[in-house]
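Q: Please find protein-v7.cif (mmCIF, C-alpha atoms) on the next line:
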```cif
data_data
#
loop_
_atom_site.label_atom_id
_atom_site.label_comp_id
_atom_site.auth_asym_id
_atom_site.auth_seq_id
_atom_site.Cartn_x
_atom_site.Cartn_y
_atom_site.Cartn_z
CA MET F 651 0.00 0.00 0.00
CA ASN F 652 1.36 3.40 -0.98
CA GLU F 653 1.65 5.63 2.04
CA ALA F 654 1.96 9.39 2.29
CA ILE F 655 2.41 11.84 5.14
CA ILE F 656 1.10 15.40 4.87
CA ILE F 657 2.58 17.98 7.22
CA LEU F 658 0.47 21.08 7.77
CA ASN F 659 1.22 24.44 9.30
CA GLY F 660 -0.56 23.97 12.66
CA THR F 661 0.95 23.37 16.06
CA VAL F 662 3.20 20.32 16.32
CA ASN F 663 4.79 19.38 19.61
CA HIS F 664 7.84 18.05 17.78
CA GLU F 665 9.54 16.96 21.01
CA SER F 666 6.80 14.44 21.73
CA PRO F 667 7.89 10.79 21.35
CA PHE F 668 4.71 10.42 19.30
CA TYR F 669 6.61 11.66 16.24
CA ASN F 670 9.45 9.14 16.57
CA ASP F 671 7.56 6.45 14.65
CA LEU F 672 6.59 8.89 11.92
CA ARG F 673 10.18 10.11 11.64
CA LYS F 674 11.35 6.52 11.30
CA ARG F 675 8.77 5.61 8.65
CA ALA F 676 9.50 8.76 6.65
CA GLY F 677 13.25 8.22 6.96
CA LYS F 678 13.09 4.80 5.29
CA GLY F 679 12.14 6.51 2.06
CA ASN F 680 9.11 4.36 1.28
CA VAL F 681 6.68 6.97 2.53
CA TYR F 682 6.00 10.05 0.43
CA VAL F 683 6.18 13.25 2.50
CA VAL F 684 4.32 16.36 1.37
CA CYS F 685 4.41 19.65 3.24
CA ALA F 686 1.58 22.11 2.79
CA ASP F 687 3.34 25.46 2.53
CA GLY F 688 4.66 26.54 5.96
CA GLY F 689 4.22 22.95 7.15
CA ALA F 690 7.81 22.59 5.90
CA LEU F 691 8.84 24.33 9.12
CA ASN F 692 7.18 21.56 11.14
CA ALA F 693 8.96 18.97 8.97
CA ALA F 694 12.29 20.61 9.77
CA LEU F 695 11.48 20.64 13.50
CA ILE F 696 10.51 16.96 13.47
CA GLY F 697 13.50 16.09 11.32
CA VAL F 698 11.74 14.80 8.24
CA GLU F 699 12.81 15.52 4.66
CA PRO F 700 9.91 16.60 2.41
CA ASP F 701 9.52 15.02 -1.02
CA ALA F 702 7.31 17.92 -2.10
CA ILE F 703 6.14 21.28 -0.77
CA ILE F 704 2.84 22.50 -2.17
CA GLY F 705 0.82 25.69 -1.79
CA ASP F 706 0.83 29.38 -2.54
CA LEU F 707 4.00 29.71 -0.45
CA ASP F 708 2.68 32.61 1.62
CA SER F 709 3.90 31.01 4.84
CA LEU F 710 7.07 29.22 3.70
CA PRO F 711 10.24 30.70 5.26
CA LYS F 712 12.69 32.01 2.64
CA ASP F 713 15.56 29.70 3.67
CA LEU F 714 13.36 26.61 3.23
CA GLU F 715 12.11 27.92 -0.12
CA GLU F 716 15.72 28.11 -1.30
CA LYS F 717 16.78 24.80 0.24
CA TYR F 718 13.91 22.88 -1.35
CA ALA F 719 13.62 24.84 -4.63
CA ASP F 720 13.77 21.55 -6.60
CA ARG F 721 10.64 20.10 -4.99
CA ILE F 722 8.32 23.09 -4.66
CA ILE F 723 4.96 22.94 -6.41
CA ARG F 724 3.54 26.44 -6.53
CA ASP F 725 -0.27 26.35 -6.62
CA SER F 726 -2.09 29.60 -5.89
CA ASP F 727 -5.65 28.34 -6.54
CA GLN F 728 -7.79 30.37 -4.14
CA ASN F 729 -10.63 27.84 -4.13
CA THR F 730 -8.81 25.18 -2.15
CA THR F 731 -6.73 25.12 1.01
CA ASP F 732 -3.13 23.98 0.96
CA CYS F 733 -4.25 20.83 2.78
CA ASP F 734 -6.70 20.08 -0.03
CA LYS F 735 -3.95 20.63 -2.63
CA ALA F 736 -1.63 18.32 -0.72
CA ILE F 737 -4.24 15.54 -0.52
CA ARG F 738 -4.97 15.76 -4.25
CA HIS F 739 -1.27 15.69 -4.99
CA CYS F 740 -0.85 12.52 -2.89
CA ILE F 741 -3.82 10.87 -4.63
CA ASN F 742 -2.23 11.70 -7.99
CA LYS F 743 0.90 9.98 -6.71
CA ASN F 744 -1.24 6.89 -6.02
CA ALA F 745 -1.25 7.20 -2.24
CA GLU F 746 -3.80 4.86 -0.71
CA ARG F 747 -3.15 5.77 2.91
CA ILE F 748 -2.44 9.30 4.10
CA THR F 749 -1.50 10.50 7.58
CA ILE F 750 -1.94 14.22 8.25
CA ILE F 751 -0.13 16.03 11.06
CA GLY F 752 -0.09 19.69 12.10
CA ALA F 753 -3.79 20.15 11.34
CA CYS F 754 -4.77 21.83 14.58
CA GLY F 755 -3.33 25.08 15.84
CA THR F 756 -4.32 28.71 15.97
CA ARG F 757 -6.37 28.52 12.77
CA TRP F 758 -9.70 26.87 13.61
CA ASP F 759 -11.01 27.40 10.07
CA HIS F 760 -8.18 25.32 8.64
CA PHE F 761 -8.69 22.57 11.20
CA ILE F 762 -12.45 22.29 10.64
CA ALA F 763 -11.94 22.37 6.87
CA ALA F 764 -9.33 19.60 7.15
CA ALA F 765 -11.79 17.46 9.14
CA MET F 766 -14.38 17.97 6.40
CA LEU F 767 -11.87 16.98 3.71
CA LEU F 768 -12.07 13.46 5.17
CA LYS F 769 -15.56 13.29 3.69
CA LYS F 770 -14.57 14.94 0.39
CA TYR F 771 -11.80 12.39 -0.16
CA ALA F 772 -13.63 9.35 1.21
CA GLN F 773 -12.02 7.16 -1.49
CA VAL F 774 -8.66 7.28 0.31
CA LYS F 775 -7.79 6.20 3.86
CA ILE F 776 -6.87 9.46 5.57
CA LYS F 777 -6.10 9.95 9.25
CA ILE F 778 -5.53 13.30 10.93
CA VAL F 779 -3.41 12.69 14.01
CA ASP F 780 -1.54 14.23 16.88
CA GLU F 781 -0.38 12.75 20.19
CA TYR F 782 -3.92 12.89 21.64
CA ASN F 783 -6.21 12.24 18.69
CA GLU F 784 -6.74 10.11 15.64
CA LEU F 785 -9.52 11.40 13.40
CA PHE F 786 -10.83 9.55 10.35
CA LEU F 787 -13.95 8.86 8.33
CA ALA F 788 -15.66 5.55 9.12
CA GLY F 789 -16.44 3.52 6.02
CA LYS F 790 -19.99 2.21 5.74
CA GLU F 791 -18.68 -1.02 7.33
CA THR F 792 -15.77 -0.39 9.65
CA GLU F 793 -13.95 -2.56 12.15
CA LEU F 794 -12.01 -0.82 14.90
CA ASP F 795 -9.30 -3.03 16.34
CA PHE F 796 -8.57 -0.70 19.25
CA PRO F 797 -7.97 -2.20 22.71
CA VAL F 798 -10.97 -2.70 25.00
CA GLY F 799 -11.38 0.46 27.09
CA SER F 800 -10.35 2.80 24.25
CA SER F 801 -12.22 6.11 24.16
CA VAL F 802 -13.77 7.01 20.84
CA SER F 803 -16.18 9.72 19.77
CA LEU F 804 -18.51 9.40 16.81
CA ILE F 805 -19.14 12.68 15.03
CA PRO F 806 -21.84 12.80 12.36
CA LEU F 807 -21.28 15.24 9.52
CA GLY F 808 -24.95 16.00 9.02
CA ARG F 809 -27.42 13.13 9.56
CA VAL F 810 -26.17 9.56 9.78
CA GLU F 811 -28.79 6.84 9.25
CA GLY F 812 -28.96 3.09 9.68
CA LEU F 813 -26.20 3.23 12.27
CA LYS F 814 -25.38 0.08 14.19
CA LEU F 815 -22.68 -0.14 16.81
CA GLU F 816 -21.23 -3.42 18.08
CA GLY F 817 -18.71 -3.61 20.89
CA PHE F 818 -19.39 -0.11 22.24
CA LYS F 819 -20.49 0.94 25.73
CA TYR F 820 -23.23 3.27 24.45
CA ASP F 821 -25.52 2.37 21.57
CA VAL F 822 -27.62 4.75 19.48
CA GLU F 823 -31.40 4.77 19.27
CA ASN F 824 -33.16 3.99 15.96
CA GLY F 825 -29.85 4.00 14.13
CA ILE F 826 -29.87 7.78 13.81
CA LEU F 827 -26.99 10.03 14.84
CA GLU F 828 -27.48 13.68 14.03
CA ASP F 829 -26.36 15.44 17.17
CA ALA F 830 -22.58 15.64 17.55
CA SER F 831 -22.96 16.18 21.29
CA ARG F 832 -24.58 12.76 21.62
CA GLY F 833 -21.77 10.79 20.00
CA ILE F 834 -18.95 12.17 22.15
CA HIS F 835 -17.02 9.88 24.47
CA ASN F 836 -18.05 6.33 23.78
CA GLU F 837 -15.93 3.36 24.80
CA ILE F 838 -14.84 0.13 23.14
CA THR F 839 -16.07 -2.88 25.17
CA GLU F 840 -15.22 -5.60 22.66
CA SER F 841 -12.46 -5.62 20.07
CA PRO F 842 -12.75 -5.39 17.14
CA ALA F 843 -15.72 -3.07 17.54
CA LYS F 844 -17.93 -2.66 14.49
CA ILE F 845 -19.62 0.35 12.96
CA THR F 846 -22.08 0.01 10.11
CA TYR F 847 -24.29 2.71 8.62
CA SER F 848 -26.24 3.25 5.45
CA LYS F 849 -26.43 7.01 4.92
CA GLY F 850 -24.40 10.12 5.73
CA ALA F 851 -20.79 10.57 6.81
CA LEU F 852 -19.45 9.60 10.21
CA LEU F 853 -16.16 10.74 11.67
CA VAL F 854 -14.40 8.69 14.33
CA ASN F 855 -12.16 10.47 16.83
CA ARG F 856 -10.07 8.09 18.87
CA ILE F 857 -8.70 9.65 22.04
CA LEU F 858 -5.12 8.44 22.41
CA GLU F 859 -4.44 9.90 25.82
CA LEU F 860 -7.06 11.33 28.15
CA SER F 861 -6.18 14.85 29.10
CA MET P 1397 -29.51 41.74 26.40
CA ASN P 1398 -28.64 38.98 28.85
CA GLU P 1399 -25.08 37.85 28.40
CA ALA P 1400 -23.38 34.66 29.52
CA ILE P 1401 -19.85 33.33 29.33
CA ILE P 1402 -19.16 29.60 29.18
CA ILE P 1403 -15.70 28.44 30.14
CA LEU P 1404 -14.71 25.01 28.82
CA ASN P 1405 -11.88 22.67 29.69
CA GLY P 1406 -9.67 23.26 26.60
CA THR P 1407 -6.45 25.20 26.37
CA VAL P 1408 -6.67 28.83 27.48
CA ASN P 1409 -3.64 31.08 27.28
CA HIS P 1410 -4.78 32.94 30.36
CA GLU P 1411 -1.83 35.35 30.23
CA SER P 1412 -2.98 36.76 26.91
CA PRO P 1413 -4.34 40.34 27.13
CA PHE P 1414 -7.27 38.99 25.10
CA TYR P 1415 -8.88 37.81 28.35
CA ASN P 1416 -8.65 41.23 30.08
CA ASP P 1417 -11.90 42.43 28.55
CA LEU P 1418 -13.69 39.21 29.45
CA ARG P 1419 -12.37 39.40 33.00
CA LYS P 1420 -13.64 42.96 33.28
CA ARG P 1421 -17.10 42.14 31.89
CA ALA P 1422 -17.46 39.10 34.14
CA GLY P 1423 -16.22 41.08 37.14
CA LYS P 1424 -19.00 43.64 36.86
CA GLY P 1425 -21.48 40.96 37.78
CA ASN P 1426 -23.90 41.56 34.93
CA VAL P 1427 -22.59 38.64 32.95
CA TYR P 1428 -23.51 35.12 34.00
CA VAL P 1429 -20.45 32.83 34.08
CA VAL P 1430 -20.86 29.07 33.70
CA CYS P 1431 -17.98 26.63 33.82
CA ALA P 1432 -18.33 23.27 32.13
CA ASP P 1433 -16.77 20.86 34.60
CA GLY P 1434 -12.96 21.25 34.61
CA GLY P 1435 -13.40 24.59 32.85
CA ALA P 1436 -13.51 25.92 36.41
CA LEU P 1437 -9.74 25.55 36.42
CA ASN P 1438 -9.50 27.91 33.44
CA ALA P 1439 -11.80 30.35 35.25
CA ALA P 1440 -9.47 30.31 38.23
CA LEU P 1441 -6.45 30.90 35.98
CA ILE P 1442 -8.14 33.84 34.23
CA GLY P 1443 -9.40 35.19 37.53
CA VAL P 1444 -13.13 34.93 36.95
CA GLU P 1445 -15.66 33.79 39.54
CA PRO P 1446 -18.12 31.19 38.21
CA ASP P 1447 -21.84 31.60 38.92
CA ALA P 1448 -22.39 27.93 38.15
CA ILE P 1449 -20.34 24.82 37.40
CA ILE P 1450 -22.12 22.14 35.42
CA GLY P 1451 -21.24 18.63 34.26
CA ASP P 1452 -20.50 15.14 35.48
CA LEU P 1453 -17.57 16.54 37.48
CA ASP P 1454 -15.09 13.98 36.19
CA SER P 1455 -12.51 16.67 35.52
CA LEU P 1456 -13.17 19.17 38.31
CA PRO P 1457 -10.28 19.41 40.82
CA LYS P 1458 -11.31 18.50 44.38
CA ASP P 1459 -10.41 21.87 45.88
CA LEU P 1460 -12.61 23.73 43.38
CA GLU P 1461 -15.43 21.24 44.00
CA GLU P 1462 -15.29 22.11 47.69
CA LYS P 1463 -14.85 25.85 47.16
CA TYR P 1464 -17.84 26.10 44.84
CA ALA P 1465 -20.07 23.43 46.44
CA ASP P 1466 -22.97 25.92 46.58
CA ARG P 1467 -23.07 26.46 42.81
CA ILE P 1468 -22.38 23.02 41.38
CA ILE P 1469 -25.01 21.47 39.13
CA ARG P 1470 -24.25 17.78 38.80
CA ASP P 1471 -25.54 16.43 35.50
CA SER P 1472 -24.28 13.03 34.39
CA ASP P 1473 -26.40 12.68 31.24
CA GLN P 1474 -24.22 10.66 28.86
CA ASN P 1475 -26.05 11.89 25.76
CA THR P 1476 -24.73 15.42 25.86
CA THR P 1477 -21.34 17.04 26.34
CA ASP P 1478 -20.69 19.38 29.24
CA CYS P 1479 -20.63 22.24 26.73
CA ASP P 1480 -24.13 21.31 25.56
CA LYS P 1481 -25.34 21.17 29.18
CA ALA P 1482 -23.81 24.59 29.86
CA ILE P 1483 -25.48 26.15 26.80
CA ARG P 1484 -28.90 24.75 27.76
CA HIS P 1485 -28.41 26.01 31.29
CA CYS P 1486 -27.63 29.52 29.98
CA ILE P 1487 -30.68 29.46 27.71
CA ASN P 1488 -32.82 28.47 30.70
CA LYS P 1489 -31.36 31.50 32.48
CA ASN P 1490 -32.58 33.63 29.55
CA ALA P 1491 -29.16 34.30 28.05
CA GLU P 1492 -29.48 35.82 24.59
CA ARG P 1493 -25.78 36.13 23.89
CA ILE P 1494 -23.20 33.54 24.89
CA THR P 1495 -19.41 33.67 24.57
CA ILE P 1496 -17.58 30.36 24.83
CA ILE P 1497 -13.89 30.13 25.68
CA GLY P 1498 -11.62 27.13 26.20
CA ALA P 1499 -13.27 25.14 23.40
CA CYS P 1500 -10.11 24.08 21.61
CA GLY P 1501 -7.33 22.04 23.14
CA THR P 1502 -6.18 18.47 23.14
CA ARG P 1503 -9.69 17.07 22.62
CA TRP P 1504 -10.60 17.48 18.96
CA ASP P 1505 -13.91 15.66 19.41
CA HIS P 1506 -15.05 18.22 21.97
CA PHE P 1507 -14.00 21.12 19.77
CA ILE P 1508 -15.75 19.83 16.65
CA ALA P 1509 -18.87 19.01 18.67
CA ALA P 1510 -18.84 22.54 20.16
CA ALA P 1511 -18.66 24.02 16.66
CA MET P 1512 -21.67 21.92 15.66
CA LEU P 1513 -23.63 23.07 18.72
CA LEU P 1514 -23.71 26.51 17.06
CA LYS P 1515 -26.14 24.99 14.58
CA LYS P 1516 -28.11 23.06 17.22
CA TYR P 1517 -28.69 26.24 19.25
CA ALA P 1518 -29.19 28.62 16.32
CA GLN P 1519 -31.86 30.51 18.30
CA VAL P 1520 -29.19 32.10 20.53
CA LYS P 1521 -26.23 34.26 19.53
CA ILE P 1522 -23.23 32.12 20.44
CA LYS P 1523 -19.59 32.88 19.72
CA ILE P 1524 -16.70 30.52 20.34
CA VAL P 1525 -13.58 32.62 20.75
CA ASP P 1526 -9.91 32.66 21.59
CA GLU P 1527 -7.22 35.23 20.85
CA TYR P 1528 -6.98 34.15 17.20
CA ASN P 1529 -10.52 33.15 16.25
CA GLU P 1530 -14.14 34.10 16.53
CA LEU P 1531 -16.49 31.35 15.35
CA PHE P 1532 -20.25 31.75 15.01
CA LEU P 1533 -23.24 30.72 12.94
CA ALA P 1534 -24.31 33.24 10.31
CA GLY P 1535 -28.02 33.99 10.41
CA LYS P 1536 -29.86 33.79 7.08
CA GLU P 1537 -29.25 37.55 6.76
CA THR P 1538 -26.09 38.64 8.50
CA GLU P 1539 -24.14 41.88 8.52
CA LEU P 1540 -20.49 41.74 9.50
CA ASP P 1541 -19.19 45.08 10.72
CA PHE P 1542 -15.56 43.98 10.75
CA PRO P 1543 -12.91 46.39 9.44
CA VAL P 1544 -12.02 46.29 5.75
CA GLY P 1545 -9.15 43.85 5.30
CA SER P 1546 -10.44 41.42 7.97
CA SER P 1547 -9.88 37.74 7.18
CA VAL P 1548 -12.93 35.54 7.44
CA SER P 1549 -13.61 31.96 6.46
CA LEU P 1550 -17.04 30.64 5.56
CA ILE P 1551 -17.55 27.03 6.57
CA PRO P 1552 -20.70 25.25 5.34
CA LEU P 1553 -22.10 22.56 7.62
CA GLY P 1554 -23.40 20.40 4.81
CA ARG P 1555 -24.75 22.18 1.72
CA VAL P 1556 -25.50 25.90 1.83
CA GLU P 1557 -27.79 27.22 -0.92
CA GLY P 1558 -28.85 30.64 -2.18
CA LEU P 1559 -25.69 32.16 -0.81
CA LYS P 1560 -24.92 35.77 -1.69
CA LEU P 1561 -21.86 37.62 -0.46
CA GLU P 1562 -21.52 41.41 -0.54
CA GLY P 1563 -18.36 43.22 0.46
CA PHE P 1564 -16.09 40.16 0.17
CA LYS P 1565 -13.00 39.68 -1.99
CA TYR P 1566 -14.09 36.26 -3.28
CA ASP P 1567 -17.65 35.50 -4.31
CA VAL P 1568 -19.26 32.07 -4.67
CA GLU P 1569 -20.62 30.59 -7.90
CA ASN P 1570 -24.33 29.81 -8.24
CA GLY P 1571 -24.92 30.59 -4.57
CA ILE P 1572 -23.79 27.12 -3.52
CA LEU P 1573 -21.15 26.42 -0.89
CA GLU P 1574 -20.66 22.79 -0.07
CA ASP P 1575 -16.92 22.42 0.05
CA ALA P 1576 -15.34 23.73 3.25
CA SER P 1577 -11.98 24.04 1.48
CA ARG P 1578 -13.46 26.59 -0.92
CA GLY P 1579 -14.73 28.97 1.74
CA ILE P 1580 -11.47 29.33 3.64
CA HIS P 1581 -9.69 32.67 3.81
CA ASN P 1582 -11.94 35.29 2.31
CA GLU P 1583 -11.48 38.99 2.99
CA ILE P 1584 -13.79 41.87 3.84
CA THR P 1585 -13.52 44.61 1.18
CA GLU P 1586 -16.47 46.74 2.28
CA SER P 1587 -17.89 47.14 5.76
CA PRO P 1588 -20.45 46.10 6.79
CA ALA P 1589 -20.16 43.02 4.60
CA LYS P 1590 -23.36 41.07 4.03
CA ILE P 1591 -24.12 37.36 3.94
CA THR P 1592 -27.49 36.05 2.88
CA TYR P 1593 -28.47 32.45 2.24
CA SER P 1594 -31.66 30.45 2.01
CA LYS P 1595 -30.78 26.88 2.99
CA GLY P 1596 -28.30 25.07 5.20
CA ALA P 1597 -26.07 26.26 8.02
CA LEU P 1598 -23.04 28.47 7.54
CA LEU P 1599 -20.31 29.04 10.10
CA VAL P 1600 -18.20 32.19 10.00
CA ASN P 1601 -14.65 32.05 11.38
CA ARG P 1602 -13.09 35.46 11.76
CA ILE P 1603 -9.32 35.37 12.04
CA LEU P 1604 -8.33 37.87 14.71
CA GLU P 1605 -4.60 37.67 14.24
CA LEU P 1606 -2.84 36.00 11.34
CA SER P 1607 -0.42 33.42 12.62
#
```
Could I get this structure in the form of structure tokens?

A:
Amino acid sequence: MNEAIIILNGTVNHESPFYNDLRKRAGKGNVYVVCADGGALNAALIGVEPDAIIGDLDSLPKDLEEKYADRIIRDSDQNTTDCDKAIRHCINKNAERITIIGACGTRWDHFIAAAMLLKKYAQVKIKIVDEYNELFLAGKETELDFPVGSSVSLIPLGRVEGLKLEGFKYDVENGILEDASRGIHNEITESPAKITYSKGALLVNRILELS
Amino acid sequence: MNEAIIILNGTVNHESPFYNDLRKRAGKGNVYVVCADGGALNAALIGVEPDAIIGDLDSLPKDLEEKYADRIIRDSDQNTTDCDKAIRHCINKNAERITIIGACGTRWDHFIAAAMLLKKYAQVKIKIVDEYNELFLAGKETELDFPVGSSVSLIPLGRVEGLKLEGFKYDVENGILEDASRGIHNEITESPAKITYSKGALLVNRILELS
């Protein structure tokens, strides 16, 4: 499976051991690393070499622009975010699995838009992660092989119908989940847990460390 | 107009001068302050006295639980987040304008759910804020009296129809906004700018300081 990592411009606690594994995977050269614009700064902090830097370059430091001149893809399309451009670029490079870091920071609009891109690009397996969260779109039939006791939240983008949960502490009534508040903080009681639904788009947020 | 402030359990940079105004407003006693569970810790850091603390109390430090025993509303309903409970409580207290702080932090699920509550409680004017962002639901006819040059993002929750923008740098085509990526980073060119739409739910994220 072709794997890609997208590094965005949000806050990354690069000293966290969480990024060790990512650094190792990227370092082996079999994972394609794309930085969205100023995300290249996060890549430098983590110690990962980008294969491509994409965006309108309005937040890329000059020294990195010079250093990586051979792999910069300038794309000033105002109708898409740099994250969107990076995902499309990875799909064009045949990525089947994409991990996104640096999505959350001081720009809430960018974070919410990135979460919604999970629905727009449902054909690819995309995870947005940091050391506390793992956010992804549940397929219509999804198995979660997380350990028993794992905290997960189910976030409907709009109205989700025909929803059935197996191996969770809290079930839903009538298979409908429309209220994001209602799906927050569920718990895996049997692994693998199973999610099936017929209509809508359902995000899963796994909580990696309770804060 | 009855005003309330809800303080959540996310990350609050309490040393930022941004919270001076809020501290002053809350201190005058004509603003009702509700902490959602461990949000009471943020209130203490900012230096604001809560009028009520609501939630299942799983993240409220013991000393604050004792100090504020007379104003704690224990509500362990598993179908709603503490933020949801706090909003309903404020509405019951006749709040017409609510400011929410501490929404974003290490719990993405809570932040996304809070953003979606803006749609659930569209009957009240609610703003989620920090020193960089101001997030709210646009009414079907909304005037934004932000200064010319202000950065705003328009984030559709689902499909927004009949959308017309006046006083913005970038317009939309055919009055449809469905793709969150497309609405990010617009700019006010004439103040007040106007948003009208006929169908759906549209969030506005004003960027207070470009980072």

Q: For Leu1441 (chain P), list every protein, DNA or RNA residue within 10 Å, evaluated using all atoms listed in the file, and leave out those in the same chain fewer than 4 positions away; present the list as a count of residues only.

A: 7

Q: Tell me, as a PDB file with C-alpha atoms, in the frame of the given file, which residues lie within 6 Å of region 1539-1543 of chain P, counting all atoms listed in the file; anything in the same chain fewer than 6 positions away does not count.

A:
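Dumped everything to result-v6.pdb:
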```pdb
ATOM      1  CA  SER P1587     -17.890  47.140   5.760  1.00  0.00           C
ATOM      2  CA  PRO P1588     -20.450  46.100   6.790  1.00  0.00           C
ATOM      3  CA  ALA P1589     -20.160  43.020   4.600  1.00  0.00           C
ATOM      4  CA  LYS P1590     -23.360  41.070   4.030  1.00  0.00           C
TER       5      LYS P1590
END
```

Q: Report as a PyMOL selection string the full result of the PyMOL selection byres ((chain F) within 6 of (chain P)) when it is applied to this structure.

A: chain F and resi 729-731+763+830-832

Q: Quick one: which residues end up in the PyMOL selection byres ((chain P and resi 1468) around 9) for this structure, as a ChimeraX atom specification?

A: /P:1447-1451,1453,1461,1464-1467,1469-1470

Q: If we count all atoms listed in the file and set the cut-off at 7 Å, which residues sit around Ile1572 (chain P), ignoring sequence neighbours fewer than 3 positions away in its own chain? Please answer as a list in words.

A: Val1556, Glu1557, Gly1558, Leu1559, Val1568 and Glu1569 of chain P

Q: Give the answer as one residue: which of F:Tyr847, F:Asp708, F:Glu816, F:Ala686 has the shortest atom-to-atom distance to Ile737 (chain F), using only C-alpha atoms?

A: F:Ala686

Q: Counting all atoms listed in the file, I want the residues whose atoms come within 12 Å of (-30.1, 35.5, 26.8) in the file frame, returned as a PyMOL selection string.

A: chain P and resi 1397-1401+1426-1428+1483-1495+1519-1522

Q: CA of Gly850 (chain F) to CA of Glu837 (chain F): how many Å, to one decimal?

A: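 For CA of Gly850 (chain F) relative to CA of Glu837 (chain F), the distance reads 21.9 Å.
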
Q: I'd like to see the residues matched by the PyMOL selection byres ((chain P and resi 1422) around 12) on this file, and ideally I'd get them as a ChimeraX atom specification.

A: /P:1399-1403,1415-1421,1423-1430,1439,1442-1447,1495

Q: Work out how far CA of Ile778 (chain F) is from CA of Asn824 (chain F), in Å to one decimal.

A: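 Between these atoms lies a distance of 29.6 Å.
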
Q: When you draw a straight line from CA of Thr846 (chain F) to CA of Ala788 (chain F), how long is it in Å?

A: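 The value is 8.5 Å.
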
Q: Between P:Leu1561, P:Ala1499, P:Leu1598, P:Ala1440, which residue has the minimum interatomic distance to Phe1532 (chain P), considering all atoms listed in the file?

A: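 Selected residue with least distance to Phe1532 (chain P): P:Leu1598.
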
Q: Smallest atom-to-atom distance to Gly799 (chain F): which of F:Ile838, F:Ile751, F:Ala736, F:Leu658, using all atoms listed in the file?

A: F:Ile838
